[in-house]
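File shown: entry-v6.json. Contents: JSON, C-alpha atoms.
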```json
[["chain", "number", "residue", "atom", "x", "y", "z"],
["A", 8, "MET", "CA", -24.32, 36.86, 2.69],
["A", 9, "ARG", "CA", -21.49, 35.14, 0.90],
["A", 10, "THR", "CA", -20.77, 32.40, 3.39],
["A", 11, "PRO", "CA", -22.96, 29.59, 1.91],
["A", 12, "LYS", "CA", -21.52, 30.31, -1.52],
["A", 13, "LYS", "CA", -18.02, 30.12, -0.11],
["A", 14, "LEU", "CA", -18.83, 26.87, 1.67],
["A", 15, "LEU", "CA", -20.14, 25.46, -1.59],
["A", 16, "ALA", "CA", -16.99, 26.59, -3.36],
["A", 17, "TRP", "CA", -14.77, 24.91, -0.77],
["A", 18, "THR", "CA", -16.78, 21.69, -0.94],
["A", 19, "VAL", "CA", -16.64, 21.60, -4.72],
["A", 20, "GLY", "CA", -12.94, 22.44, -4.70],
["A", 21, "SER", "CA", -11.96, 19.72, -2.27],
["A", 22, "ALA", "CA", -14.14, 17.21, -4.11],
["A", 23, "ALA", "CA", -12.38, 18.18, -7.33],
["A", 24, "VAL", "CA", -8.94, 17.68, -5.79],
["A", 25, "ILE", "CA", -9.97, 14.29, -4.39],
["A", 26, "GLY", "CA", -11.37, 13.34, -7.77],
["A", 27, "VAL", "CA", -8.12, 14.27, -9.51],
["A", 28, "VAL", "CA", -6.12, 12.25, -7.00],
["A", 29, "GLY", "CA", -8.48, 9.31, -7.35],
["A", 30, "ILE", "CA", -8.31, 9.36, -11.15],
["A", 31, "LEU", "CA", -4.53, 9.68, -10.98],
["A", 32, "SER", "CA", -4.32, 6.74, -8.61],
["A", 33, "ALA", "CA", -6.57, 4.64, -10.81],
["A", 34, "ARG", "CA", -4.54, 5.53, -13.89],
["A", 35, "LEU", "CA", -1.14, 5.15, -12.32],
["A", 36, "SER", "CA", -1.43, 2.35, -9.81],
["A", 37, "PRO", "CA", 0.94, -0.54, -10.61],
["A", 38, "ALA", "CA", -1.83, -3.14, -10.46],
["A", 39, "MET", "CA", -3.68, -1.32, -13.24],
["A", 40, "ALA", "CA", -0.56, -0.95, -15.33],
["A", 41, "ALA", "CA", 0.13, -4.66, -15.02],
["A", 42, "GLY", "CA", -3.36, -5.37, -16.23],
["A", 43, "GLY", "CA", -4.00, -7.30, -13.06],
["A", 44, "ALA", "CA", -6.52, -6.60, -10.38],
["A", 45, "ARG", "CA", -9.00, -3.83, -11.01],
["A", 46, "PRO", "CA", -8.64, -0.97, -8.53],
["A", 47, "LEU", "CA", -11.83, 0.74, -9.63],
["A", 48, "ALA", "CA", -13.91, -2.33, -10.38],
["A", 49, "GLY", "CA", -14.22, -3.56, -6.80],
["A", 50, "PRO", "CA", -17.38, -3.05, -4.82],
["A", 51, "PHE", "CA", -17.63, 0.43, -3.36],
["A", 52, "THR", "CA", -18.31, -0.32, 0.27],
["A", 53, "ILE", "CA", -19.36, 2.00, 3.07],
["A", 54, "ALA", "CA", -15.80, 1.91, 4.45],
["A", 55, "ASP", "CA", -14.49, 3.20, 1.12],
["A", 56, "ALA", "CA", -17.05, 6.00, 1.13],
["A", 57, "ILE", "CA", -15.98, 6.95, 4.66],
["A", 58, "PHE", "CA", -12.33, 6.88, 3.60],
["A", 59, "TRP", "CA", -12.95, 9.24, 0.71],
["A", 60, "GLY", "CA", -15.06, 11.48, 2.94],
["A", 61, "VAL", "CA", -12.30, 11.68, 5.53],
["A", 62, "ALA", "CA", -9.69, 12.31, 2.85],
["A", 63, "ALA", "CA", -11.86, 15.10, 1.39],
["A", 64, "LEU", "CA", -12.24, 16.59, 4.88],
["A", 65, "THR", "CA", -8.46, 16.56, 5.32],
["A", 66, "VAL", "CA", -7.66, 18.06, 1.94],
["A", 67, "GLY", "CA", -10.47, 20.60, 2.14],
["A", 68, "GLY", "CA", -9.37, 21.74, 5.57],
["A", 69, "ALA", "CA", -5.77, 22.06, 4.42],
["A", 70, "ALA", "CA", -6.90, 24.03, 1.39],
["A", 71, "ALA", "CA", -8.87, 26.35, 3.67],
["A", 72, "VAL", "CA", -5.73, 26.90, 5.75],
["A", 73, "ALA", "CA", -3.67, 27.65, 2.68],
["A", 74, "LEU", "CA", -6.10, 29.80, 0.71],
["A", 75, "SER", "CA", -8.60, 31.40, 3.07],
["A", 76, "ARG", "CA", -8.64, 35.18, 3.23],
["A", 77, "ASN", "CA", -9.50, 35.29, 6.92],
["A", 78, "ILE", "CA", -7.20, 33.78, 9.50],
["A", 79, "VAL", "CA", -10.08, 32.61, 11.70],
["A", 80, "TYR", "CA", -11.36, 30.55, 8.78],
["A", 81, "SER", "CA", -7.82, 29.23, 8.41],
["A", 82, "ALA", "CA", -7.94, 28.04, 12.03],
["A", 83, "LEU", "CA", -11.27, 26.31, 11.40],
["A", 84, "GLY", "CA", -9.77, 24.68, 8.32],
["A", 85, "LEU", "CA", -6.89, 23.48, 10.48],
["A", 86, "LEU", "CA", -9.49, 21.90, 12.79],
["A", 87, "ALA", "CA", -11.01, 20.03, 9.84],
["A", 88, "ALA", "CA", -7.60, 18.91, 8.57],
["A", 89, "LEU", "CA", -6.49, 17.62, 11.98],
["A", 90, "LEU", "CA", -9.79, 15.77, 12.46],
["A", 91, "GLY", "CA", -9.41, 14.21, 9.02],
["A", 92, "VAL", "CA", -5.87, 13.08, 9.77],
["A", 93, "ALA", "CA", -7.12, 11.49, 12.99],
["A", 94, "GLY", "CA", -9.74, 9.63, 10.95],
["A", 95, "LEU", "CA", -7.06, 8.42, 8.54],
["A", 96, "TYR", "CA", -5.08, 7.13, 11.53],
["A", 97, "VAL", "CA", -8.15, 5.13, 12.53],
["A", 98, "PHE", "CA", -8.24, 3.68, 9.02],
["A", 99, "LEU", "CA", -4.58, 2.76, 9.40],
["A", 100, "SER", "CA", -5.47, 0.90, 12.63],
["A", 101, "ALA", "CA", -3.34, 3.26, 14.69],
["A", 102, "ASP", "CA", -5.87, 3.84, 17.43],
["A", 103, "PHE", "CA", -3.56, 5.30, 20.05],
["A", 104, "VAL", "CA", -2.00, 7.76, 17.61],
["A", 105, "ALA", "CA", -5.49, 8.82, 16.50],
["A", 106, "VAL", "CA", -6.60, 9.56, 20.05],
["A", 107, "ALA", "CA", -3.31, 11.34, 20.77],
["A", 108, "GLN", "CA", -3.83, 13.40, 17.62],
["A", 109, "VAL", "CA", -7.28, 14.51, 18.77],
["A", 110, "MET", "CA", -6.15, 15.24, 22.33],
["A", 111, "ILE", "CA", -2.84, 16.98, 21.62],
["A", 112, "TYR", "CA", -3.49, 18.72, 18.32],
["A", 113, "ILE", "CA", -7.15, 19.65, 18.60],
["A", 114, "GLY", "CA", -7.21, 19.97, 22.37],
["A", 115, "GLY", "CA", -3.85, 21.68, 22.69],
["A", 116, "VAL", "CA", -2.23, 23.10, 19.61],
["A", 117, "LEU", "CA", -5.41, 24.37, 17.97],
["A", 118, "ILE", "CA", -6.53, 26.09, 21.16],
["A", 119, "LEU", "CA", -3.09, 27.71, 21.40],
["A", 120, "VAL", "CA", -3.39, 28.90, 17.81],
["A", 121, "LEU", "CA", -6.86, 30.33, 18.45],
["A", 122, "PHE", "CA", -5.58, 32.11, 21.55],
["A", 123, "ALA", "CA", -2.71, 33.57, 19.55],
["A", 124, "ILE", "CA", -5.09, 34.76, 16.85],
["A", 125, "MET", "CA", -7.42, 36.39, 19.34],
["A", 126, "LEU", "CA", -4.54, 38.00, 21.22],
["A", 127, "THR", "CA", -2.68, 39.35, 18.22],
["A", 128, "ASN", "CA", -5.19, 39.89, 15.45],
["A", 129, "ARG", "CA", -7.04, 43.15, 15.44],
["A", 130, "ILE", "CA", -10.27, 42.02, 13.91],
["A", 131, "GLY", "CA", -10.97, 45.25, 12.09],
["A", 132, "GLU", "CA", -7.65, 45.11, 10.33],
["A", 133, "VAL", "CA", -8.31, 42.72, 7.50],
["A", 134, "ASN", "CA", -5.23, 43.34, 5.46],
["A", 135, "ILE", "CA", -2.86, 42.04, 8.08],
["A", 136, "SER", "CA", -4.73, 38.78, 8.47],
["A", 137, "ASN", "CA", -4.34, 37.67, 4.89],
["A", 138, "ALA", "CA", -1.34, 39.52, 3.61],
["A", 139, "SER", "CA", 0.37, 37.26, 1.15],
["A", 140, "MET", "CA", 3.03, 37.67, -1.44],
["A", 141, "GLY", "CA", 4.58, 35.56, -4.09],
["A", 142, "TRP", "CA", 1.51, 33.53, -5.00],
["A", 143, "ALA", "CA", 3.01, 32.70, -8.37],
["A", 144, "SER", "CA", 6.40, 31.53, -7.15],
["A", 145, "GLY", "CA", 4.97, 29.83, -4.08],
["A", 146, "GLY", "CA", 2.31, 28.10, -6.15],
["A", 147, "LEU", "CA", 4.85, 27.01, -8.74],
["A", 148, "LEU", "CA", 7.19, 25.55, -6.11],
["A", 149, "SER", "CA", 4.29, 23.80, -4.38],
["A", 150, "ALA", "CA", 2.99, 22.38, -7.66],
["A", 151, "VAL", "CA", 6.41, 20.99, -8.59],
["A", 152, "MET", "CA", 6.73, 19.52, -5.11],
["A", 153, "LEU", "CA", 3.27, 17.95, -5.32],
["A", 154, "ALA", "CA", 3.96, 16.43, -8.73],
["A", 155, "LEU", "CA", 7.27, 15.00, -7.55],
["A", 156, "VAL", "CA", 5.84, 13.43, -4.40],
["A", 157, "LEU", "CA", 2.77, 12.08, -6.21],
["A", 158, "VAL", "CA", 4.93, 10.42, -8.86],
["A", 159, "VAL", "CA", 7.00, 8.82, -6.13],
["A", 160, "ALA", "CA", 3.86, 7.73, -4.27],
["A", 161, "PHE", "CA", 2.28, 6.07, -7.28],
["A", 162, "GLU", "CA", 5.21, 4.89, -9.36],
["A", 163, "VAL", "CA", 7.50, 3.23, -6.83],
["A", 164, "PRO", "CA", 6.61, -0.47, -6.40],
["A", 165, "TRP", "CA", 6.35, -0.43, -2.62],
["A", 166, "ASN", "CA", 6.98, -3.77, -0.99],
["A", 167, "VAL", "CA", 3.50, -3.94, 0.51],
["A", 168, "ARG", "CA", 2.66, -6.77, 2.83],
["A", 169, "PRO", "CA", -0.57, -7.33, 4.68],
["A", 170, "SER", "CA", -0.63, -6.61, 8.37],
["A", 171, "GLY", "CA", -3.44, -7.12, 10.80],
["A", 172, "GLY", "CA", -5.33, -4.44, 12.65],
["A", 173, "ASN", "CA", -4.55, -5.31, 16.22],
["A", 174, "PRO", "CA", -5.05, -2.86, 19.08],
["A", 175, "THR", "CA", -1.86, -0.91, 19.58],
["A", 176, "THR", "CA", -2.27, 0.92, 22.87],
["A", 177, "ALA", "CA", -0.80, -1.72, 25.18],
["A", 178, "PRO", "CA", 2.14, -2.61, 22.86],
["A", 179, "ILE", "CA", 2.97, 1.10, 22.47],
["A", 180, "GLY", "CA", 2.97, 1.51, 26.22],
["A", 181, "HIS", "CA", 5.35, -1.42, 26.62],
["A", 182, "ALA", "CA", 7.58, -0.15, 23.80],
["A", 183, "LEU", "CA", 7.74, 3.35, 25.32],
["A", 184, "LEU", "CA", 8.82, 2.02, 28.70],
["A", 185, "GLN", "CA", 11.24, -0.60, 27.41],
["A", 186, "GLN", "CA", 12.68, -0.01, 23.97],
["A", 187, "TRP", "CA", 12.18, 3.76, 23.81],
["A", 188, "LEU", "CA", 12.67, 4.66, 27.45],
["A", 189, "LEU", "CA", 15.46, 7.18, 26.89],
["A", 190, "PRO", "CA", 13.67, 9.12, 24.09],
["A", 191, "PHE", "CA", 10.54, 9.05, 26.24],
["A", 192, "GLU", "CA", 12.34, 10.68, 29.17],
["A", 193, "LEU", "CA", 14.04, 13.14, 26.83],
["A", 194, "ALA", "CA", 10.62, 14.11, 25.46],
["A", 195, "SER", "CA", 9.38, 14.83, 28.97],
["A", 196, "LEU", "CA", 12.48, 16.95, 29.59],
["A", 197, "ILE", "CA", 11.84, 18.86, 26.35],
["A", 198, "LEU", "CA", 8.25, 19.48, 27.39],
["A", 199, "LEU", "CA", 9.42, 20.87, 30.72],
["A", 200, "CYS", "CA", 11.90, 23.17, 28.98],
["A", 201, "THR", "CA", 9.14, 24.24, 26.58],
["A", 202, "LEU", "CA", 6.86, 25.08, 29.48],
["A", 203, "ILE", "CA", 9.46, 27.26, 31.16],
["A", 204, "GLY", "CA", 10.67, 28.81, 27.92],
["A", 205, "ALA", "CA", 7.19, 29.69, 26.66],
["A", 206, "ILE", "CA", 6.31, 31.37, 29.97],
["A", 207, "ILE", "CA", 9.55, 33.35, 30.03],
["A", 208, "ILE", "CA", 9.24, 34.45, 26.40],
["A", 209, "ALA", "CA", 5.56, 35.40, 26.46],
["A", 210, "ARG", "CA", 5.31, 37.06, 29.86],
["A", 211, "LYS", "CA", 4.84, 40.77, 30.09],
["A", 212, "GLU", "CA", 7.86, 42.69, 31.23],
["A", 213, "ILE", "CA", 6.99, 44.56, 34.42],
["A", 214, "ARG", "CA", 9.51, 47.27, 34.94],
["A", 215, "ALA", "CA", 10.06, 48.50, 38.47],
["A", 216, "GLU", "CA", 10.90, 52.07, 37.73],
["B", 11, "MET", "CA", -11.68, -0.48, -3.96],
["B", 12, "ILE", "CA", -9.69, -0.74, -0.80],
["B", 13, "PRO", "CA", -7.49, 2.27, -0.05],
["B", 14, "THR", "CA", -3.91, 1.27, -0.73],
["B", 15, "LEU", "CA", -0.64, 2.72, 0.45],
["B", 16, "SER", "CA", -0.54, 5.08, -2.50],
["B", 17, "HIS", "CA", -3.83, 6.70, -1.52],
["B", 18, "TYR", "CA", -2.51, 7.57, 1.92],
["B", 19, "LEU", "CA", 0.73, 8.82, 0.41],
["B", 20, "ALA", "CA", -1.26, 11.00, -1.98],
["B", 21, "VAL", "CA", -3.31, 12.55, 0.82],
["B", 22, "ALA", "CA", -0.13, 13.15, 2.80],
["B", 23, "ALA", "CA", 1.51, 14.71, -0.24],
["B", 24, "VAL", "CA", -1.40, 17.11, -0.75],
["B", 25, "LEU", "CA", -1.33, 17.98, 2.95],
["B", 26, "PHE", "CA", 2.41, 18.66, 2.87],
["B", 27, "THR", "CA", 2.16, 20.74, -0.28],
["B", 28, "LEU", "CA", -0.63, 22.89, 1.06],
["B", 29, "GLY", "CA", 1.38, 23.45, 4.23],
["B", 30, "LEU", "CA", 4.38, 24.41, 2.13],
["B", 31, "PHE", "CA", 2.24, 26.82, 0.14],
["B", 32, "THR", "CA", 0.95, 28.37, 3.37],
["B", 33, "VAL", "CA", 4.48, 28.84, 4.70],
["B", 34, "LEU", "CA", 5.68, 30.32, 1.42],
["B", 35, "THR", "CA", 2.89, 32.80, 0.79],
["B", 36, "ARG", "CA", 1.82, 34.08, 4.22],
["B", 37, "ARG", "CA", 3.20, 37.04, 6.11],
["B", 38, "ASN", "CA", 1.12, 36.39, 9.19],
["B", 39, "ALA", "CA", 3.28, 34.57, 11.73],
["B", 40, "VAL", "CA", 0.39, 32.54, 13.16],
["B", 41, "ALA", "CA", -0.60, 31.38, 9.67],
["B", 42, "ILE", "CA", 2.98, 30.31, 9.01],
["B", 43, "LEU", "CA", 2.90, 28.21, 12.18],
["B", 44, "MET", "CA", -0.35, 26.64, 10.97],
["B", 45, "GLY", "CA", 1.38, 25.72, 7.72],
["B", 46, "VAL", "CA", 4.18, 24.08, 9.66],
["B", 47, "GLU", "CA", 1.61, 22.05, 11.56],
["B", 48, "LEU", "CA", 0.10, 20.90, 8.27],
["B", 49, "MET", "CA", 3.49, 19.78, 6.97],
["B", 50, "LEU", "CA", 4.19, 17.86, 10.18],
["B", 51, "ASN", "CA", 0.82, 16.14, 9.87],
["B", 52, "GLY", "CA", 1.58, 15.10, 6.31],
["B", 53, "ALA", "CA", 4.91, 13.60, 7.36],
["B", 54, "ASN", "CA", 3.22, 11.84, 10.28],
["B", 55, "LEU", "CA", 0.60, 10.34, 8.01],
["B", 56, "ASN", "CA", 3.40, 8.94, 5.86],
["B", 57, "LEU", "CA", 5.07, 7.41, 8.92],
["B", 58, "VAL", "CA", 1.92, 5.66, 10.09],
["B", 59, "ALA", "CA", 0.98, 4.51, 6.57],
["B", 60, "PHE", "CA", 4.40, 2.99, 5.94],
["B", 61, "ASN", "CA", 4.24, 1.41, 9.36],
["B", 62, "LYS", "CA", 1.01, -0.36, 8.47],
["B", 63, "PHE", "CA", 1.69, -1.31, 4.89],
["B", 64, "VAL", "CA", 5.45, -1.89, 4.63],
["B", 65, "VAL", "CA", 7.31, -2.17, 7.91],
["B", 66, "GLY", "CA", 4.92, -3.65, 10.41],
["B", 67, "GLY", "CA", 5.51, -3.53, 14.12],
["B", 68, "LEU", "CA", 5.15, -0.33, 16.08],
["B", 69, "THR", "CA", 8.24, 1.74, 15.28],
["B", 70, "GLY", "CA", 6.49, 4.11, 12.88],
["B", 71, "GLN", "CA", 3.63, 4.80, 15.26],
["B", 72, "THR", "CA", 6.00, 5.45, 18.15],
["B", 73, "PHE", "CA", 8.00, 7.84, 16.00],
["B", 74, "ALA", "CA", 4.77, 9.58, 14.98],
["B", 75, "LEU", "CA", 3.96, 10.02, 18.66],
["B", 76, "PHE", "CA", 7.32, 11.68, 19.27],
["B", 77, "VAL", "CA", 6.72, 13.96, 16.29],
["B", 78, "VAL", "CA", 3.35, 14.96, 17.79],
["B", 79, "VAL", "CA", 5.00, 15.76, 21.12],
["B", 80, "LEU", "CA", 7.70, 17.87, 19.49],
["B", 81, "ALA", "CA", 5.11, 19.62, 17.33],
["B", 82, "ALA", "CA", 3.19, 20.60, 20.44],
["B", 83, "ALA", "CA", 6.38, 21.96, 22.00],
["B", 84, "GLU", "CA", 7.20, 23.84, 18.80],
["B", 85, "ALA", "CA", 3.74, 25.37, 18.67],
["B", 86, "ALA", "CA", 3.92, 26.53, 22.28],
["B", 87, "VAL", "CA", 7.31, 28.19, 21.92],
["B", 88, "GLY", "CA", 6.49, 29.56, 18.45],
["B", 89, "LEU", "CA", 3.27, 31.17, 19.59],
["B", 90, "ALA", "CA", 5.01, 32.60, 22.65],
["B", 91, "ILE", "CA", 7.55, 34.19, 20.30],
["B", 92, "VAL", "CA", 4.70, 35.52, 18.15],
["B", 93, "LEU", "CA", 3.09, 37.10, 21.22],
["B", 94, "SER", "CA", 6.42, 38.63, 22.17],
["B", 95, "ILE", "CA", 6.85, 40.03, 18.66],
["B", 96, "PHE", "CA", 3.36, 41.44, 18.82],
["B", 97, "HIS", "CA", 4.09, 43.17, 22.12],
["B", 98, "THR", "CA", 7.28, 44.66, 20.72],
["B", 99, "PHE", "CA", 6.31, 45.66, 17.19],
["B", 100, "LYS", "CA", 2.48, 45.90, 17.55],
["B", 101, "THR", "CA", 2.09, 43.69, 14.48],
["B", 102, "ILE", "CA", 2.57, 40.04, 13.54],
["B", 103, "ASP", "CA", 3.74, 40.74, 10.02],
["B", 104, "VAL", "CA", 6.92, 38.70, 9.85],
["B", 105, "ARG", "CA", 8.60, 41.36, 7.70],
["B", 106, "ALA", "CA", 8.35, 43.82, 10.59],
["B", 107, "ALA", "CA", 10.45, 41.69, 12.94],
["B", 108, "ASP", "CA", 13.85, 42.84, 11.77],
["B", 109, "LEU", "CA", 15.48, 43.98, 15.02],
["B", 110, "MET", "CA", 17.29, 41.94, 17.61],
["B", 111, "ARG", "CA", 16.46, 44.41, 20.34],
["B", 112, "GLU", "CA", 13.93, 47.12, 20.71]]
```
Once more with this new file: its structure as structure tokens, please.
Amino acid sequence: MRTPKKLLAWTVGSAAVIGVVGILSARLSPAMAAGGARPLAGPFTIADAIFWGVAALTVGGAAAVALSRNIVYSALGLLAALLGVAGLYVFLSADFVAVAQVMIYIGGVLILVLFAIMLTNRIGEVNISNASMGWASGGLLSAVMLALVLVVAFEVPWNVRPSGGNPTTAPIGHALLQQWLLPFELASLILLCTLIGAIIIARKEIRAE
Amino acid sequence: MIPTLSHYLAVAAVLFTLGLFTVLTRRNAVAILMGVELMLNGANLNLVAFNKFVVGGLTGQTFALFVVVLAAAEAAVGLAIVLSIFHTFKTIDVRAADLMRE
């Protein structure tokens, strides 16, 4: 039974990644470089612990998607990553986007993905579920990309200004029906086209001989 | 320590990179679609974080909602194409799909 060991490995791995990111952020954040306010010296509240837990859930789930040998485990990792992103939206006081994330991604897209896995994956055939090539080049490109984006994230002096955490559902509804009415209607049209197109593409051809 | 903008950007960067790695290294079409979903989520997290910390207002969140809608549409059509490929070629290895007609 290797599953508990694997679970432990994933937990340790995601914790390690979060730790590296945290240390990097503490080392590189502009406030620290300016010798000003202490990013690491503040009180570690429960909210901070929840934030780091949610971030670890997100990163661990994404790592499971990227590295897992079995595609069903990849789908479960996708579930964890999407849940973690929804939690981060809650931290960013984007309540409507968080609920939409849970309903559309977890309730819709993830179920679609699971259906596709069950319909296409022959369970006995392991080699097709994890076939991967170019780990070296892919990993190298991803590492360069990660370093680039992290440097941008931590080095650029973003013009941060405080903003309150007001409820956003009602203002988003007003914005969608006033300022963004045309994109809103276009999105509904795209969804209709998607519905028809997906049915036409995926249906079974019944040939009348 | 209160999570700052950079923390959210870092999480989004890791998410995007892992999605990129998935897309680059997998041959399973469904796994590639999962990687695309991860990348879209990373970009969305950036949008919402910038909306809260830099821009203010609701534009970023509204744009994130449109991205979610288009991602759902992309997943539906993409998985339909995967099913069609599977019916035609009896595999979802993306290297096998090299014919326009069967």
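Rounded to one decimal, CA of Leu202 in chain A and CA of Val87 in chain B lie 8.2 Å from each other.
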Up to 8 Å from chain A, what residues of chain B turn up? Count all atoms listed in the file and give them as a PyMOL selection string.
-> chain B and resi 11-13+15-17+19-21+23-25+27-32+34-38+40-41+44-45+48+51+55+58-59+62-64+66+68+71-72+74-76+78-80+82-83+85-87+89-94+96+101-103
Record the distance separating CA of Val33 in chain B and CA of Val106 in chain A, expressed in Å with one decimal.
-> 27.0 Å
Quick one, how far is CA of Leu109 in chain B from CA of His97 in chain B?
-> 13.4 Å
